[in-house]
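**Student:** Handing over final.tsv, TSV, C-alpha atoms.
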```tsv
chain	number	residue	atom	x	y	z
A	1	MET	CA	-60.54	-72.61	-22.00
A	2	SER	CA	-59.32	-75.37	-24.24
A	3	LEU	CA	-55.77	-75.22	-25.58
A	4	ASP	CA	-54.42	-77.03	-28.62
A	5	ILE	CA	-51.02	-78.43	-27.56
A	6	SER	CA	-50.22	-80.19	-30.84
A	7	GLY	CA	-46.73	-80.00	-32.27
A	8	SER	CA	-47.73	-77.37	-34.84
A	9	MET	CA	-48.61	-74.96	-32.03
A	10	GLY	CA	-44.90	-74.94	-31.18
A	11	GLY	CA	-44.09	-73.42	-34.56
A	12	PRO	CA	-43.64	-69.76	-35.43
A	13	LEU	CA	-46.60	-67.63	-36.46
A	14	LYS	CA	-45.59	-67.63	-40.12
A	15	TYR	CA	-45.08	-71.32	-40.68
A	16	ASP	CA	-43.63	-72.81	-43.85
A	17	PRO	CA	-43.38	-76.62	-43.62
A	18	ASN	CA	-40.50	-76.54	-46.13
A	19	GLU	CA	-38.37	-74.20	-44.01
A	20	ILE	CA	-36.16	-75.22	-41.10
A	21	TYR	CA	-36.50	-72.89	-38.11
A	22	ASP	CA	-33.93	-72.14	-35.44
A	23	VAL	CA	-36.02	-72.41	-32.27
A	24	LYS	CA	-33.55	-70.17	-30.41
A	25	LYS	CA	-34.28	-67.30	-32.82
A	26	VAL	CA	-38.07	-67.62	-32.64
A	27	ARG	CA	-39.12	-65.46	-29.69
A	28	LYS	CA	-42.67	-66.68	-29.12
A	29	ASN	CA	-44.52	-69.40	-30.92
A	30	ARG	CA	-48.26	-69.99	-31.24
A	31	LEU	CA	-48.42	-72.00	-28.03
A	32	ASP	CA	-46.58	-69.31	-26.04
A	33	LEU	CA	-48.93	-66.63	-27.35
A	34	ALA	CA	-52.00	-68.76	-26.62
A	35	LYS	CA	-50.80	-69.33	-23.04
A	36	ASP	CA	-50.24	-65.58	-22.65
A	37	ALA	CA	-53.80	-64.96	-23.88
A	38	ILE	CA	-55.25	-67.49	-21.41
A	39	TRP	CA	-53.34	-65.96	-18.51
A	40	MET	CA	-54.44	-62.42	-19.48
A	41	PHE	CA	-58.04	-63.65	-19.78
A	42	PHE	CA	-57.87	-65.28	-16.34
A	43	GLN	CA	-56.51	-62.08	-14.76
A	44	LYS	CA	-59.52	-60.12	-16.08
A	45	MET	CA	-62.07	-62.52	-14.61
A	46	GLN	CA	-64.27	-61.61	-11.64
A	47	LYS	CA	-64.32	-63.63	-8.42
A	48	ASP	CA	-67.76	-65.11	-9.19
A	49	ASP	CA	-66.77	-66.13	-12.75
A	50	ILE	CA	-65.99	-69.76	-13.49
A	51	PHE	CA	-62.73	-70.88	-15.08
A	52	GLY	CA	-61.73	-74.29	-16.38
A	53	PHE	CA	-58.75	-75.35	-18.48
A	54	THR	CA	-58.35	-78.33	-20.78
A	55	VAL	CA	-55.63	-79.25	-23.25
A	56	PHE	CA	-55.90	-81.39	-26.35
A	57	HIS	CA	-53.90	-82.95	-29.16
A	58	ASN	CA	-54.67	-86.54	-30.26
A	59	SER	CA	-56.45	-86.88	-26.90
A	60	ALA	CA	-57.59	-84.40	-24.24
A	61	ARG	CA	-57.40	-83.91	-20.51
A	62	THR	CA	-58.63	-81.46	-17.92
A	63	ILE	CA	-55.90	-79.45	-16.22
A	64	ILE	CA	-58.18	-77.25	-14.07
A	65	GLU	CA	-61.74	-78.37	-13.37
A	66	SER	CA	-64.35	-75.66	-13.86
A	67	THR	CA	-64.19	-73.71	-10.61
A	68	PHE	CA	-65.23	-70.32	-9.29
A	69	VAL	CA	-62.28	-67.95	-9.67
A	70	SER	CA	-62.55	-67.04	-5.98
A	71	GLU	CA	-61.61	-70.65	-5.16
A	72	LEU	CA	-58.50	-70.70	-7.35
A	73	ASN	CA	-54.97	-69.70	-6.40
A	74	PRO	CA	-53.78	-67.40	-9.25
A	75	GLU	CA	-50.14	-68.51	-8.91
A	76	ASN	CA	-51.14	-72.17	-9.24
A	77	VAL	CA	-53.31	-71.33	-12.25
A	78	LYS	CA	-50.40	-69.50	-13.87
A	79	LYS	CA	-48.04	-72.45	-13.29
A	80	LEU	CA	-50.56	-74.84	-14.82
A	81	ILE	CA	-51.17	-72.62	-17.86
A	82	TYR	CA	-47.46	-72.26	-18.52
A	83	SER	CA	-46.65	-75.96	-18.08
A	84	ASP	CA	-44.84	-77.77	-20.88
A	85	PHE	CA	-47.42	-79.65	-22.91
A	86	GLU	CA	-46.56	-79.67	-26.62
A	87	SER	CA	-47.05	-83.00	-28.43
A	88	GLY	CA	-49.06	-84.98	-30.92
A	89	GLY	CA	-51.48	-84.06	-33.69
A	90	THR	CA	-54.69	-82.06	-33.47
A	91	THR	CA	-58.14	-83.54	-32.90
A	92	ILE	CA	-60.42	-80.60	-32.09
A	93	LYS	CA	-63.31	-82.93	-31.30
A	94	HIS	CA	-61.42	-84.30	-28.26
A	95	GLY	CA	-60.79	-80.81	-26.92
A	96	PHE	CA	-64.42	-79.84	-27.30
A	97	GLU	CA	-65.76	-83.03	-25.72
A	98	GLU	CA	-63.39	-82.73	-22.73
A	99	SER	CA	-64.42	-79.09	-22.24
A	100	VAL	CA	-68.11	-80.04	-22.29
A	101	LYS	CA	-67.45	-82.72	-19.65
A	102	ASN	CA	-65.62	-80.12	-17.56
A	103	ILE	CA	-68.56	-77.68	-17.76
A	104	ASN	CA	-71.06	-80.44	-16.98
A	105	LYS	CA	-69.24	-81.24	-13.72
A	106	ILE	CA	-69.84	-77.75	-12.35
A	107	HIS	CA	-73.46	-77.88	-13.56
A	108	LYS	CA	-73.92	-81.05	-11.54
A	109	ASN	CA	-72.32	-79.60	-8.40
A	110	HIS	CA	-73.85	-76.10	-8.71
A	111	PRO	CA	-77.26	-76.27	-10.45
A	112	LYS	CA	-77.72	-72.46	-10.31
A	113	VAL	CA	-74.82	-72.16	-12.76
A	114	VAL	CA	-77.06	-73.54	-15.52
A	115	GLU	CA	-79.71	-70.88	-14.90
A	116	GLU	CA	-77.63	-67.86	-13.87
A	117	TYR	CA	-74.48	-68.12	-16.00
A	118	GLU	CA	-73.72	-68.03	-19.69
A	119	ASN	CA	-71.38	-70.88	-20.51
A	120	ARG	CA	-68.67	-70.55	-23.15
A	121	ILE	CA	-65.93	-72.79	-24.44
A	122	VAL	CA	-63.01	-70.83	-25.84
A	123	MET	CA	-60.69	-72.95	-27.96
A	124	LEU	CA	-57.22	-71.72	-28.84
A	125	THR	CA	-55.91	-73.65	-31.83
A	126	ASP	CA	-54.15	-73.26	-35.16
A	127	VAL	CA	-56.97	-75.42	-36.61
A	128	GLY	CA	-54.75	-78.07	-38.18
A	129	ASP	CA	-57.37	-80.76	-37.37
A	130	ASN	CA	-56.47	-84.40	-38.09
```
Represent the supplied structure as structure tokens.

**Tutor:**
Amino acid sequence: MSLDISGSMGGPLKYDPNEIYDVKKVRKNRLDLAKDAIWMFFQKMQKDDIFGFTVFHNSARTIIESTFVSELNPENVKKLIYSDFESGGTTIKHGFEESVKNINKIHKNHPKVVEEYENRIVMLTDVGDN
């Protein structure tokens, strides 16, 4: 999973750059909904599935290295997903490249993953690429 944490993700779903929003009245923004989706996705995973989590804006970083779900503590995963991240602009390329690096680490440590697993990068973004 790769999550866009740019400033625009903190905005409401119907965003008008000319309108001023009262953050207290906006119940959930794009980033909140994306985090909810990641958490729901994680909860549906099987023990032998692999989960990794990266975030990106103008740069990218790995929050959870690609790991078998059976080796992850769900409460720790939830805390990491729901951490405060929002900042910066959006450079999708950085998120993709960091996610590829994350997948390649597990390929290196577990060669059977390359042969026996389908690998996917799921990017959650509002696609306001800089």

**Student:** Can you tell me how far atom CA of Ser59 of chain A sits from atom CA of Asn119 of chain A, in Å to one decimal?

**Tutor:**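 Atom-to-atom, atom CA of Ser59 of chain A and atom CA of Asn119 of chain A are spaced 22.8 Å apart.
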
**Student:** Which polymer residues have any atom within 12 Å of an atom of Arg30 of chain A, counting all atoms listed in the file, with same-chain residues fewer than 4 positions away left out, as JSON, numbers by chain?

**Tutor:** {"A": [3, 4, 5, 6, 7, 8, 9, 10, 11, 12, 13, 14, 15, 26, 34, 35, 36, 37, 86, 124, 125, 126, 127]}

**Student:** Could you tell me which of A:Phe96, A:Phe51, A:Tyr117, A:Trp39 comes closest to Glu71 of chain A if we count all atoms listed in the file?

**Tutor:**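 Using all atoms listed in the file, Glu71 of chain A sits closest to A:Phe51.
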
**Student:** Determine the nearest neighbour of Ser99 of chain A from the options A:Glu115, A:Asp32, A:Glu65, A:Asp49, counting all atoms listed in the file.

**Tutor:**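 So, comparing all the options, the nearest one is A:Glu65.
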
**Student:** Within 9 Å of Ala60 of chain A, counting only C-alpha atoms, which residues show up once you throw out same-chain ones fewer than 6 positions away? Write them as a tab-separated table (two decimals) with C-alpha atoms, in the frame of the given file, please.

**Tutor:**
```tsv
chain	number	residue	atom	x	y	z
A	54	THR	CA	-58.35	-78.33	-20.78
A	91	THR	CA	-58.14	-83.54	-32.90
A	94	HIS	CA	-61.42	-84.30	-28.26
A	95	GLY	CA	-60.79	-80.81	-26.92
A	96	PHE	CA	-64.42	-79.84	-27.30
A	97	GLU	CA	-65.76	-83.03	-25.72
A	98	GLU	CA	-63.39	-82.73	-22.73
A	99	SER	CA	-64.42	-79.09	-22.24
```

**Student:** Let me make sure I understand: among A:Ser66, A:Pro111, A:Pro74, A:Ser2, which one has the smallest atom-to-atom distance to Gly52 of chain A if we use only C-alpha atoms?

**Tutor:**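 Once distances to Gly52 of chain A are computed over only C-alpha atoms, the minimum belongs to A:Ser66.
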
**Student:** Please enclose the listed atoms of segment 34-39 of chain A in an axis-aligned box, pad each side by 5 Å, and write out the centre and the three edge lengths in Å, rounded to one decimal, as JSON.

**Tutor:**
```
{"center_x": -52.7, "center_y": -67.1, "center_z": -22.6, "size_x": 15.0, "size_y": 14.4, "size_z": 18.1}
```

**Student:** As an exercise, work out the distance from atom CA of Val69 of chain A to atom CA of Ile50 of chain A in Å and give it to one decimal place.

**Tutor:**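 A separation of 5.6 Å between them.
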
**Student:** What does the distance between atom CA of Met123 of chain A and atom CA of Leu72 of chain A come to in Å, to one decimal place?

**Tutor:**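 One can read the atom CA of Met123 of chain A to atom CA of Leu72 of chain A distance as 20.8 Å.
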
**Student:** For Lys105 of chain A, which residue out of A:Asn73, A:Gly89, A:Thr67, A:Arg120 is the nearest one, using all atoms listed in the file?

**Tutor:** A:Thr67

**Student:** Using all atoms listed in the file, which of A:Lys108, A:Gln46, A:Ile103, A:Val113 sits nearest Ile64 of chain A?

**Tutor:**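 Among A:Lys108, A:Gln46, A:Ile103, A:Val113, it is A:Ile103 that comes nearest to Ile64 of chain A.
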